[in-house]
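**Q** First the structure, then my questions, so here it is.
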Amino acid sequence: MKRLLQISLALAAVFGAGSALAQNAEAGKGKVAMCQGCHSIPGYQASFPEVYKVPKIAGQNAKYLVAALGEYAKGDRKHPTMRGIAGSLTEADMADVAAFYEQLGKGAAVPPDVQPSDKVKAMIEKGACTSCHGANLSKPLTGAEPKLAGQHADYLFAVMKSYQSAKPLVGRDNAIMAGQLKDFNHEDLQELANYISSLPSELATVPESRFHGK
């Protein structure tokens with residue numbers, strides 16, 4: 001338990017960096033034009049470093065979104081389009097955009113719980129997933145970690161592989177996540193991603209028309 005707490009606090013420090021700025025969701029509404037072309041189209045797919053659906057970000061934790069944008073801007077997350085977009089935003093812009101997307105979510109997910117197989121349950125315990133991402137992988141410890149439940153399976157699979165990768169143009173630089181996932185093979189990661197994607201979710205893809213009140 002002590003080890004899980006240490007991991008949780010370390011991840012909160014990593015994901016929560018730079019998230020203390022004041023956030024203005026209404027201001028963020030006018031700053032999301034560059035986001036809409038991908039994140040406002042249900043089922044839209046990215047093609048780097050492989051084809052997968054872009055993540056659902058409506059309803060995601062604002063603290064986490066700010067941290068993720070910061071990592072793209074610094075190059076800790078390797079994605080040329082996202083790095084360009086994040087690099088064009090000020091810290092205040094990131095805070096406002098994150099606040100806007102956080103309040104677009106579907107609201108609290110309603111059970112029933114989806115029970116994992118014994119293998120997936122063991123992987124969740126081994127990876128200490130709920131110690132940071134919370135009950136049903138939808139109630140993060142501090143809000144600085146992402147909600148995972150209901151996220152696209154192919155995106156989750158690509159992300160988990162990227163944490164394992166040391167390749168400079170593909171991987172994500174996060175030693176803690178790399179350590180948690182290092183013992184899983186790709187078959188394991190795919191099963192884990194499929195399960196997480198099947199869970200009740202607060203995340204959504206909000207079509208662009210919603211942003212303009214149509």
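In the structure tokens, chains take letters A, B, ... by order of appearance, with residues numbered from 1 within each chain and ligands from 1 in the order shown.
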Would you give me, as a PyMOL selection string, the residues in segment 23-191 of chain A that DSSP reads as helix (DSSP H, G or I)?

**A** chain A and resi 25-29+33-39+62-74+80-87+91-102+118-126+129-133+135-137+153-164+175-181+186-191

**Q** Which of segment 19-147 of chain A end up as strand (DSSP E) when DSSP is run on this backbone - answer as a VMD selection string?

**A** chain A and resid 45 to 46 52 to 53

**Q** Skip Met94 of chain A itself and residues of its chain fewer than 6 positions away, then list as a compact mmCIF listing (two decimals) with N, CA and C atoms, in the first residue's frame all residues within 8 Å of it, counting only C-alpha atoms.

**A**
# COMPACT_ATOMS: atom_id res chain seq x y z
N LEU A 65 -5.58 17.81 -18.70
CA LEU A 65 -5.48 18.37 -20.05
C LEU A 65 -4.39 19.44 -20.12
N VAL A 66 -4.29 20.28 -19.09
CA VAL A 66 -3.23 21.29 -19.05
C VAL A 66 -1.86 20.62 -19.06
N LEU A 69 -1.10 19.10 -22.55
CA LEU A 69 -0.72 20.12 -23.50
C LEU A 69 0.70 20.61 -23.25
N ALA A 86 -0.04 22.85 -29.37
CA ALA A 86 0.26 23.18 -27.97
C ALA A 86 1.31 24.28 -27.88

**Q** Return the single residue from A:Lys56, A:Ala153, A:Ser138, A:Asn194 that is closest to Tyr44 of chain A, with distances computed using only C-alpha atoms.

**A**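 The closest residue to Tyr44 of chain A is A:Lys56.
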
**Q** Per residue of segment 169-208 of chain A within 12 Å of segment 77-80 of chain A, record the nearest atom pair and its distance in Å to one decimal, counting only C-alpha atoms, with rows in chain order and ascending residue number, as a Markdown table.

**A**
| residue | atom | partner | partner_atom | distance |
| --- | --- | --- | --- | --- |
| A:Leu169 | CA | A:Lys78 | CA | 5.8 |
| A:Val170 | CA | A:Lys78 | CA | 5.5 |
| A:Gly171 | CA | A:Lys78 | CA | 6.3 |
| A:Arg172 | CA | A:Arg77 | CA | 4.8 |
| A:Asp173 | CA | A:Arg77 | CA | 6.6 |
| A:Asn174 | CA | A:Arg77 | CA | 9.0 |

**Q** Could you save the residues just selected, with N, CA and C atoms, as a JSON list (two decimals), in the first residue's frame?

**A**
[["chain", "number", "residue", "atom", "x", "y", "z"],
["A", 169, "LEU", "N", 11.11, 9.52, -31.69],
["A", 169, "LEU", "CA", 10.04, 10.16, -32.44],
["A", 169, "LEU", "C", 8.67, 9.56, -32.15],
["A", 170, "VAL", "N", 8.62, 8.59, -31.25],
["A", 170, "VAL", "CA", 7.35, 7.90, -31.00],
["A", 170, "VAL", "C", 6.98, 7.88, -29.53],
["A", 171, "GLY", "N", 7.91, 7.59, -28.65],
["A", 171, "GLY", "CA", 7.60, 7.33, -27.25],
["A", 171, "GLY", "C", 7.16, 8.54, -26.47],
["A", 172, "ARG", "N", 6.66, 8.28, -25.27],
["A", 172, "ARG", "CA", 6.33, 9.34, -24.32],
["A", 172, "ARG", "C", 7.32, 9.26, -23.17],
["A", 173, "ASP", "N", 7.85, 10.40, -22.79],
["A", 173, "ASP", "CA", 8.87, 10.44, -21.74],
["A", 173, "ASP", "C", 8.21, 10.52, -20.37],
["A", 174, "ASN", "N", 7.94, 9.38, -19.78],
["A", 174, "ASN", "CA", 7.35, 9.32, -18.46],
["A", 174, "ASN", "C", 7.84, 8.04, -17.81]]

**Q** Measuring between only C-alpha atoms, which one of A:Ile196, A:Ala25, A:Ile41, A:Ala99 shows the shortest distance to Thr130 of chain A?

**A**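 Using only C-alpha atoms, Thr130 of chain A sits closest to A:Ile196.
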
**Q** For a quick check of understanding, using only C-alpha atoms, which of A:Lys119, A:Ala62, A:Cys38, A:Lys167 has the smallest distance to Leu104 of chain A?

**A** A:Ala62

**Q** Using only C-alpha atoms, which residue out of A:Pro42, A:Asp188, A:Gly37, A:Pro55 lies closest to Lys121 of chain A?

**A** A:Asp188

**Q** For Asp183 of chain A, list every protein, DNA or RNA residue within 10 Å, evaluated using only C-alpha atoms, and leave out those in the same chain fewer than 4 positions away; present the list as a list of chain:residue names.

**A**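 In the requested format, the answer is A:Met123, A:Lys126, A:Gly127, A:Gln164, A:Ala178, A:Gly179, A:Asp188.
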
**Q** Could those selected residues go to a file with N, CA and C atoms, as a PDB file, in the first residue's frame?

**A**
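The new file again32.pdb reads:
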ATOM      1  N   MET A 123      -3.785  -7.741 -14.222  1.00  0.00           N
ATOM      2  CA  MET A 123      -2.971  -6.695 -14.839  1.00  0.00           C
ATOM      3  C   MET A 123      -3.252  -5.335 -14.203  1.00  0.00           C
ATOM      4  N   LYS A 126      -1.465  -5.362 -10.919  1.00  0.00           N
ATOM      5  CA  LYS A 126      -0.020  -5.300 -11.112  1.00  0.00           C
ATOM      6  C   LYS A 126       0.423  -3.905 -11.536  1.00  0.00           C
ATOM      7  N   GLY A 127      -0.354  -3.278 -12.408  1.00  0.00           N
ATOM      8  CA  GLY A 127      -0.013  -1.940 -12.869  1.00  0.00           C
ATOM      9  C   GLY A 127      -0.438  -0.829 -11.919  1.00  0.00           C
ATOM     10  N   GLN A 164       6.003   2.557 -23.341  1.00  0.00           N
ATOM     11  CA  GLN A 164       7.023   1.509 -23.317  1.00  0.00           C
ATOM     12  C   GLN A 164       8.188   1.808 -24.246  1.00  0.00           C
ATOM     13  N   ALA A 178       6.234   4.221 -17.753  1.00  0.00           N
ATOM     14  CA  ALA A 178       7.050   3.196 -18.407  1.00  0.00           C
ATOM     15  C   ALA A 178       7.327   2.039 -17.454  1.00  0.00           C
ATOM     16  N   GLY A 179       7.595   2.369 -16.207  1.00  0.00           N
ATOM     17  CA  GLY A 179       7.862   1.331 -15.216  1.00  0.00           C
ATOM     18  C   GLY A 179       6.640   0.485 -14.910  1.00  0.00           C
ATOM     19  N   ASP A 188      -1.214  -8.279 -23.950  1.00  0.00           N
ATOM     20  CA  ASP A 188      -1.728  -7.843 -22.650  1.00  0.00           C
ATOM     21  C   ASP A 188      -2.329  -6.448 -22.751  1.00  0.00           C
TER      22      ASP A 188
END

**Q** Give me the residues near Ser201 of chain A as a compact mmCIF listing (two decimals) with N, CA and C atoms, in the first residue's frame, where near means some atom within 7 Å (using only C-alpha atoms) and where sequence neighbours in that chain fewer than 2 positions away do not count.

**A**
# COMPACT_ATOMS: atom_id res chain seq x y z
N ALA A 109 -20.86 8.81 -14.81
CA ALA A 109 -21.21 7.55 -15.48
C ALA A 109 -22.05 6.69 -14.55
N ALA A 149 -11.78 5.40 -18.26
CA ALA A 149 -12.96 4.59 -18.59
C ALA A 149 -13.68 5.12 -19.82
N GLY A 150 -13.96 4.21 -20.76
CA GLY A 150 -14.72 4.57 -21.94
C GLY A 150 -13.93 5.23 -23.05
N LEU A 199 -15.87 0.30 -20.20
CA LEU A 199 -16.43 0.78 -18.94
C LEU A 199 -17.34 2.00 -19.14
N LEU A 203 -16.56 10.54 -20.45
CA LEU A 203 -15.91 11.15 -21.60
C LEU A 203 -16.82 11.12 -22.82

**Q** Report, in Å with one decimal, the straight-line distance from atom CA of Asp154 of chain A to atom CA of Ser198 of chain A.

**A**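 Atom-to-atom, atom CA of Asp154 of chain A and atom CA of Ser198 of chain A are spaced 12.0 Å apart.
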
**Q** Quick one, how far is atom CA of Arg83 of chain A from atom CA of Thr205 of chain A?

**A**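 It comes out at 21.0 Å.
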
**Q** So that I can check the surroundings of Lys106 of chain A, please list as a ChimeraX atom specification every protein, DNA and RNA residue that reaches within 7 Å of it, counting only C-alpha atoms and ignoring chain neighbours fewer than 3 positions away.

**A** /A:59,202-204

**Q** Could you please take those selected residues and save N, CA and C atoms as a PDB file, in the first residue's frame?

**A**
ATOM      1  N   GLY A  59     -15.179  16.289 -21.027  1.00  0.00           N
ATOM      2  CA  GLY A  59     -15.385  15.622 -19.745  1.00  0.00           C
ATOM      3  C   GLY A  59     -14.113  15.177 -19.066  1.00  0.00           C
ATOM      4  N   GLU A 202     -17.583   9.085 -18.478  1.00  0.00           N
ATOM      5  CA  GLU A 202     -17.969  10.488 -18.469  1.00  0.00           C
ATOM      6  C   GLU A 202     -17.396  11.224 -19.677  1.00  0.00           C
ATOM      7  N   LEU A 203     -16.565  10.537 -20.455  1.00  0.00           N
ATOM      8  CA  LEU A 203     -15.909  11.151 -21.604  1.00  0.00           C
ATOM      9  C   LEU A 203     -16.819  11.122 -22.820  1.00  0.00           C
ATOM     10  N   ALA A 204     -16.595  12.078 -23.723  1.00  0.00           N
ATOM     11  CA  ALA A 204     -17.423  12.143 -24.925  1.00  0.00           C
ATOM     12  C   ALA A 204     -16.675  12.864 -26.033  1.00  0.00           C
TER      13      ALA A 204
END

**Q** Here is a test: counting only C-alpha atoms, which residue of A:Glu50, A:Pro200, A:Lys139, A:Ala128 is nearest to Lys161 of chain A?

**A**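 Smallest distance to Lys161 of chain A is found for A:Glu50.
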
**Q** Which residue is closest to Leu89 of chain A? Choose from A:Ala58, A:Lys31, A:Gln115, A:Gln45 and count only C-alpha atoms.

**A**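 Closest candidate: A:Lys31.
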
**Q** Which polymer residues have any atom within 12 Å of an atom of Tyr155 of chain A, counting only C-alpha atoms, with same-chain residues fewer than 3 positions away left out, as a count of residues only?

**A** 30

**Q** What is the atom CA of Phe157 of chain A-atom CA of His186 of chain A distance in Å, reported with one decimal?

**A**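 Calculated distance between atom CA of Phe157 of chain A and atom CA of His186 of chain A is 8.2 Å.
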